[in-house]
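Asks: One file is attached below, query_17.cif, containing mmCIF, C-alpha atoms.
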```cif
data_input
loop_
_atom_site.group_PDB
_atom_site.id
_atom_site.type_symbol
_atom_site.label_atom_id
_atom_site.label_comp_id
_atom_site.auth_asym_id
_atom_site.auth_seq_id
_atom_site.Cartn_x
_atom_site.Cartn_y
_atom_site.Cartn_z
ATOM 1 C CA MET V 11 1.813 13.314 -27.833
ATOM 2 C CA ILE V 12 -0.439 14.560 -30.631
ATOM 3 C CA SER V 13 1.922 14.284 -33.605
ATOM 4 C CA GLY V 14 5.077 12.217 -33.769
ATOM 5 C CA MET V 15 7.619 10.234 -35.717
ATOM 6 C CA LEU V 16 9.227 6.898 -34.884
ATOM 7 C CA TRP V 17 13.040 6.968 -35.122
ATOM 8 C CA PHE V 18 15.418 3.993 -34.841
ATOM 9 C CA ASP V 19 19.041 4.244 -33.745
ATOM 10 C CA ASN V 20 20.990 1.327 -32.270
ATOM 11 C CA ASP V 21 24.509 2.736 -32.715
ATOM 12 C CA PRO V 22 26.346 1.835 -29.480
ATOM 13 C CA LYS V 23 29.024 4.497 -30.102
ATOM 14 C CA THR V 24 26.599 7.438 -30.118
ATOM 15 C CA ALA V 25 25.493 9.072 -26.862
ATOM 16 C CA LEU V 26 21.772 8.952 -26.082
ATOM 17 C CA ALA V 27 21.434 12.749 -26.087
ATOM 18 C CA SER V 28 23.019 12.890 -29.547
ATOM 19 C CA LYS V 29 20.592 10.276 -30.863
ATOM 20 C CA ILE V 30 17.609 12.251 -29.598
ATOM 21 C CA ASP V 31 19.048 15.506 -30.931
ATOM 22 C CA ARG V 32 19.604 13.932 -34.352
ATOM 23 C CA ALA V 33 16.001 12.674 -34.394
ATOM 24 C CA ALA V 34 14.737 16.119 -33.346
ATOM 25 C CA GLN V 35 16.698 17.820 -36.132
ATOM 26 C CA TYR V 36 15.334 15.377 -38.717
ATOM 27 C CA TYR V 37 11.795 15.915 -37.389
ATOM 28 C CA LYS V 38 12.221 19.697 -37.685
ATOM 29 C CA ASN V 39 13.569 19.445 -41.258
ATOM 30 C CA LYS V 40 10.884 17.005 -42.413
ATOM 31 C CA TYR V 41 7.779 18.437 -40.723
ATOM 32 C CA GLY V 42 8.744 22.038 -39.966
ATOM 33 C CA LEU V 43 7.839 21.565 -36.298
ATOM 34 C CA THR V 44 10.044 21.644 -33.237
ATOM 35 C CA ALA V 45 10.016 18.395 -31.273
ATOM 36 C CA GLU V 46 8.935 18.874 -27.671
ATOM 37 C CA VAL V 47 8.858 15.349 -26.263
ATOM 38 C CA CYS V 48 10.612 12.037 -26.898
ATOM 39 C CA TYR V 49 9.487 8.668 -25.550
ATOM 40 C CA LEU V 50 11.912 5.764 -25.343
ATOM 41 C CA ASN V 51 12.104 2.334 -23.776
ATOM 42 C CA PRO V 52 13.489 2.243 -20.204
ATOM 43 C CA LYS V 53 16.189 -0.202 -21.357
ATOM 44 C CA THR V 54 17.304 2.266 -24.031
ATOM 45 C CA LYS V 55 17.504 5.079 -21.498
ATOM 46 C CA GLY V 56 19.170 2.944 -18.853
ATOM 47 C CA GLU V 57 20.729 5.010 -16.089
ATOM 48 C CA ALA V 58 21.614 7.890 -18.403
ATOM 49 C CA GLU V 59 20.514 11.361 -17.361
ATOM 50 C CA VAL V 60 19.421 13.099 -20.542
ATOM 51 C CA GLU V 61 19.024 16.867 -20.470
ATOM 52 C CA LEU V 62 18.046 18.592 -23.691
ATOM 53 C CA PRO V 63 16.936 22.238 -23.727
ATOM 54 C CA ASP V 64 13.893 21.790 -25.979
ATOM 55 C CA VAL V 65 12.957 18.105 -25.731
ATOM 56 C CA GLU V 66 11.455 16.451 -22.664
ATOM 57 C CA VAL V 67 12.595 12.814 -22.420
ATOM 58 C CA LYS V 68 10.104 10.259 -21.082
ATOM 59 C CA VAL V 69 10.157 6.473 -20.831
ATOM 60 C CA SER V 70 7.463 4.032 -21.885
ATOM 61 C CA GLU V 71 7.413 0.243 -21.890
ATOM 62 C CA THR V 72 5.360 0.365 -25.112
ATOM 63 C CA ILE V 73 8.281 1.752 -27.138
ATOM 64 C CA LEU V 74 10.614 -0.901 -28.543
ATOM 65 C CA PRO V 75 14.291 -0.743 -27.513
ATOM 66 C CA PHE V 76 16.404 1.578 -29.663
ATOM 67 C CA HIS V 77 13.268 3.322 -30.992
ATOM 68 C CA PHE V 78 12.456 6.946 -30.253
ATOM 69 C CA TRP V 79 8.932 8.334 -30.580
ATOM 70 C CA ILE V 80 9.571 12.031 -31.000
ATOM 71 C CA GLY V 81 7.209 14.896 -31.736
ATOM 72 C CA THR V 82 4.998 17.665 -30.456
ATOM 73 C CA ARG V 83 2.447 17.734 -27.689
ATOM 74 C CA GLN V 84 -0.064 19.725 -29.739
ATOM 75 C CA VAL V 85 -0.488 20.768 -33.325
ATOM 76 C CA ALA V 86 -1.891 24.253 -33.964
ATOM 77 C CA GLN V 87 -5.097 24.290 -35.951
ATOM 78 C CA GLU V 88 -5.232 26.752 -38.797
ATOM 79 C CA GLY V 89 -8.113 29.218 -38.726
ATOM 80 C CA VAL V 90 -8.895 28.726 -35.047
#
```
Mind turning this structure into structure tokens?

Replies:
Amino acid sequence: MISGMLWFDNDPKTALASKIDRAAQYYKNKYGLTAEVCYLNPKTKGEAEVELPDVEVKVSETILPFHFWIGTRQVAQEGV
């Protein structure tokens, strides 16, 4: 990931896909970019199958539980 934002959500009543979607919407509103990838801890993902049309979900041991590192793979350079 080239550019990203760390998002925290430990609400047990909210589905994982909804948490990621909420983070992606916030990212879009704040930075004006569409999130393409989201990394989360394997314990956060658990056995859930998460399918989002625009965001690829990946797991990483380096992400703390209940944290979501969401962002873009590349950032376009102006004037190139």

Asks: Could you write out as number ranges by chain the residues that the PyMOL selection byres ((chain V and resi 75-77) around 7) matches in the shown file?

Replies: V: 16-20, 50-51, 53-54, 73-74, 78-79

Asks: Please return as an mmCIF file with C-alpha atoms, in the coordinates of the input every residue within 12 Å of (14.8, 10.8, -32.4), taking into account only C-alpha atoms and the file's own coordinates.

Replies:
```
data_model
loop_
_atom_site.group_PDB
_atom_site.id
_atom_site.type_symbol
_atom_site.label_atom_id
_atom_site.label_comp_id
_atom_site.auth_asym_id
_atom_site.auth_seq_id
_atom_site.Cartn_x
_atom_site.Cartn_y
_atom_site.Cartn_z
ATOM 1 C CA GLY V 14 5.077 12.217 -33.769
ATOM 2 C CA MET V 15 7.619 10.234 -35.717
ATOM 3 C CA LEU V 16 9.227 6.898 -34.884
ATOM 4 C CA TRP V 17 13.040 6.968 -35.122
ATOM 5 C CA PHE V 18 15.418 3.993 -34.841
ATOM 6 C CA ASP V 19 19.041 4.244 -33.745
ATOM 7 C CA ASN V 20 20.990 1.327 -32.270
ATOM 8 C CA LEU V 26 21.772 8.952 -26.082
ATOM 9 C CA ALA V 27 21.434 12.749 -26.087
ATOM 10 C CA SER V 28 23.019 12.890 -29.547
ATOM 11 C CA LYS V 29 20.592 10.276 -30.863
ATOM 12 C CA ILE V 30 17.609 12.251 -29.598
ATOM 13 C CA ASP V 31 19.048 15.506 -30.931
ATOM 14 C CA ARG V 32 19.604 13.932 -34.352
ATOM 15 C CA ALA V 33 16.001 12.674 -34.394
ATOM 16 C CA ALA V 34 14.737 16.119 -33.346
ATOM 17 C CA GLN V 35 16.698 17.820 -36.132
ATOM 18 C CA TYR V 36 15.334 15.377 -38.717
ATOM 19 C CA TYR V 37 11.795 15.915 -37.389
ATOM 20 C CA LYS V 38 12.221 19.697 -37.685
ATOM 21 C CA THR V 44 10.044 21.644 -33.237
ATOM 22 C CA ALA V 45 10.016 18.395 -31.273
ATOM 23 C CA GLU V 46 8.935 18.874 -27.671
ATOM 24 C CA VAL V 47 8.858 15.349 -26.263
ATOM 25 C CA CYS V 48 10.612 12.037 -26.898
ATOM 26 C CA TYR V 49 9.487 8.668 -25.550
ATOM 27 C CA LEU V 50 11.912 5.764 -25.343
ATOM 28 C CA VAL V 65 12.957 18.105 -25.731
ATOM 29 C CA GLU V 66 11.455 16.451 -22.664
ATOM 30 C CA VAL V 67 12.595 12.814 -22.420
ATOM 31 C CA PHE V 76 16.404 1.578 -29.663
ATOM 32 C CA HIS V 77 13.268 3.322 -30.992
ATOM 33 C CA PHE V 78 12.456 6.946 -30.253
ATOM 34 C CA TRP V 79 8.932 8.334 -30.580
ATOM 35 C CA ILE V 80 9.571 12.031 -31.000
ATOM 36 C CA GLY V 81 7.209 14.896 -31.736
#
```

Asks: Quick one, how far is atom CA of V:Ser70 from atom CA of V:Asn39?

Replies: 25.5 Å

Asks: One number please: atom CA of V:Lys23 to atom CA of V:Glu57, in Å, one decimal.

Replies: 16.3 Å

Asks: May I ask for the distance between atom CA of V:Thr24 and atom CA of V:Glu59, given in Å to one decimal place?

Replies: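 Taking atom CA of V:Thr24 and atom CA of V:Glu59, their separation equals 14.7 Å.
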
Asks: Got a moment to write chain V out with C-alpha atoms, as a JSON list (two decimals), in the first residue's frame?

Replies:
```
[["chain", "number", "residue", "atom", "x", "y", "z"],
["V", 11, "MET", "CA", 0.00, 0.00, 0.00],
["V", 12, "ILE", "CA", 1.34, 3.44, -0.93],
["V", 13, "SER", "CA", -1.11, 5.67, 0.95],
["V", 14, "GLY", "CA", -3.35, 4.63, 3.80],
["V", 15, "MET", "CA", -5.25, 5.42, 6.95],
["V", 16, "LEU", "CA", -5.50, 3.45, 10.18],
["V", 17, "TRP", "CA", -9.10, 2.88, 11.33],
["V", 18, "PHE", "CA", -10.25, 1.36, 14.64],
["V", 19, "ASP", "CA", -13.58, -0.38, 15.15],
["V", 20, "ASN", "CA", -14.21, -2.93, 17.90],
["V", 21, "ASP", "CA", -18.03, -2.90, 17.81],
["V", 22, "PRO", "CA", -19.05, -6.57, 18.17],
["V", 23, "LYS", "CA", -22.54, -5.87, 16.76],
["V", 24, "THR", "CA", -21.30, -4.60, 13.38],
["V", 25, "ALA", "CA", -20.46, -7.02, 10.57],
["V", 26, "LEU", "CA", -16.87, -7.00, 9.33],
["V", 27, "ALA", "CA", -17.87, -5.95, 5.80],
["V", 28, "SER", "CA", -19.79, -2.99, 7.22],
["V", 29, "LYS", "CA", -16.78, -1.90, 9.27],
["V", 30, "ILE", "CA", -14.54, -1.96, 6.20],
["V", 31, "ASP", "CA", -17.16, -0.18, 4.11],
["V", 32, "ARG", "CA", -17.53, 2.53, 6.75],
["V", 33, "ALA", "CA", -13.75, 3.02, 6.83],
["V", 34, "ALA", "CA", -13.64, 3.17, 3.02],
["V", 35, "GLN", "CA", -16.38, 5.82, 2.93],
["V", 36, "TYR", "CA", -14.56, 7.93, 5.53],
["V", 37, "TYR", "CA", -11.30, 7.56, 3.58],
["V", 38, "LYS", "CA", -13.04, 8.71, 0.39],
["V", 39, "ASN", "CA", -14.63, 11.73, 2.12],
["V", 40, "LYS", "CA", -11.42, 12.77, 3.88],
["V", 41, "TYR", "CA", -8.82, 12.20, 1.14],
["V", 42, "GLY", "CA", -10.88, 12.19, -2.06],
["V", 43, "LEU", "CA", -9.45, 8.81, -3.04],
["V", 44, "THR", "CA", -11.18, 5.47, -3.40],
["V", 45, "ALA", "CA", -9.80, 2.80, -1.08],
["V", 46, "GLU", "CA", -8.54, -0.25, -2.95],
["V", 47, "VAL", "CA", -7.08, -2.46, -0.23],
["V", 48, "CYS", "CA", -7.64, -3.07, 3.48],
["V", 49, "TYR", "CA", -5.27, -4.96, 5.77],
["V", 50, "LEU", "CA", -6.50, -6.41, 9.05],
["V", 51, "ASN", "CA", -5.31, -8.80, 11.72],
["V", 52, "PRO", "CA", -6.15, -12.49, 11.10],
["V", 53, "LYS", "CA", -7.95, -12.60, 14.47],
["V", 54, "THR", "CA", -10.15, -9.68, 13.40],
["V", 55, "LYS", "CA", -11.02, -11.40, 10.14],
["V", 56, "GLY", "CA", -11.52, -14.79, 11.74],
["V", 57, "GLU", "CA", -13.37, -17.21, 9.48],
["V", 58, "ALA", "CA", -15.46, -14.48, 7.86],
["V", 59, "GLU", "CA", -15.52, -14.35, 4.08],
["V", 60, "VAL", "CA", -15.47, -10.67, 3.17],
["V", 61, "GLU", "CA", -16.40, -9.70, -0.37],
["V", 62, "LEU", "CA", -16.46, -6.01, -1.22],
["V", 63, "PRO", "CA", -16.69, -4.82, -4.84],
["V", 64, "ASP", "CA", -13.97, -2.16, -4.64],
["V", 65, "VAL", "CA", -11.79, -3.13, -1.66],
["V", 66, "GLU", "CA", -9.46, -6.13, -1.57],
["V", 67, "VAL", "CA", -9.24, -7.52, 1.98],
["V", 68, "LYS", "CA", -5.88, -8.91, 3.13],
["V", 69, "VAL", "CA", -4.59, -10.12, 6.49],
["V", 70, "SER", "CA", -1.35, -9.17, 8.22],
["V", 71, "GLU", "CA", 0.00, -10.12, 11.63],
["V", 72, "THR", "CA", 1.50, -6.61, 11.90],
["V", 73, "ILE", "CA", -1.94, -4.97, 12.15],
["V", 74, "LEU", "CA", -3.35, -4.81, 15.67],
["V", 75, "PRO", "CA", -6.71, -6.52, 16.30],
["V", 76, "PHE", "CA", -9.73, -4.35, 15.50],
["V", 77, "HIS", "CA", -7.57, -1.99, 13.41],
["V", 78, "PHE", "CA", -7.98, -1.59, 9.66],
["V", 79, "TRP", "CA", -5.22, -0.18, 7.47],
["V", 80, "ILE", "CA", -7.15, 1.02, 4.45],
["V", 81, "GLY", "CA", -6.02, 2.94, 1.39],
["V", 82, "THR", "CA", -4.78, 2.90, -2.17],
["V", 83, "ARG", "CA", -2.11, 0.85, -3.85],
["V", 84, "GLN", "CA", -0.70, 3.83, -5.76],
["V", 85, "VAL", "CA", -1.08, 7.57, -5.71],
["V", 86, "ALA", "CA", -1.05, 9.35, -9.08],
["V", 87, "GLN", "CA", 1.69, 11.92, -9.45],
["V", 88, "GLU", "CA", 0.63, 15.26, -10.83],
["V", 89, "GLY", "CA", 2.47, 16.43, -13.94],
["V", 90, "VAL", "CA", 3.79, 13.00, -14.87]]
```
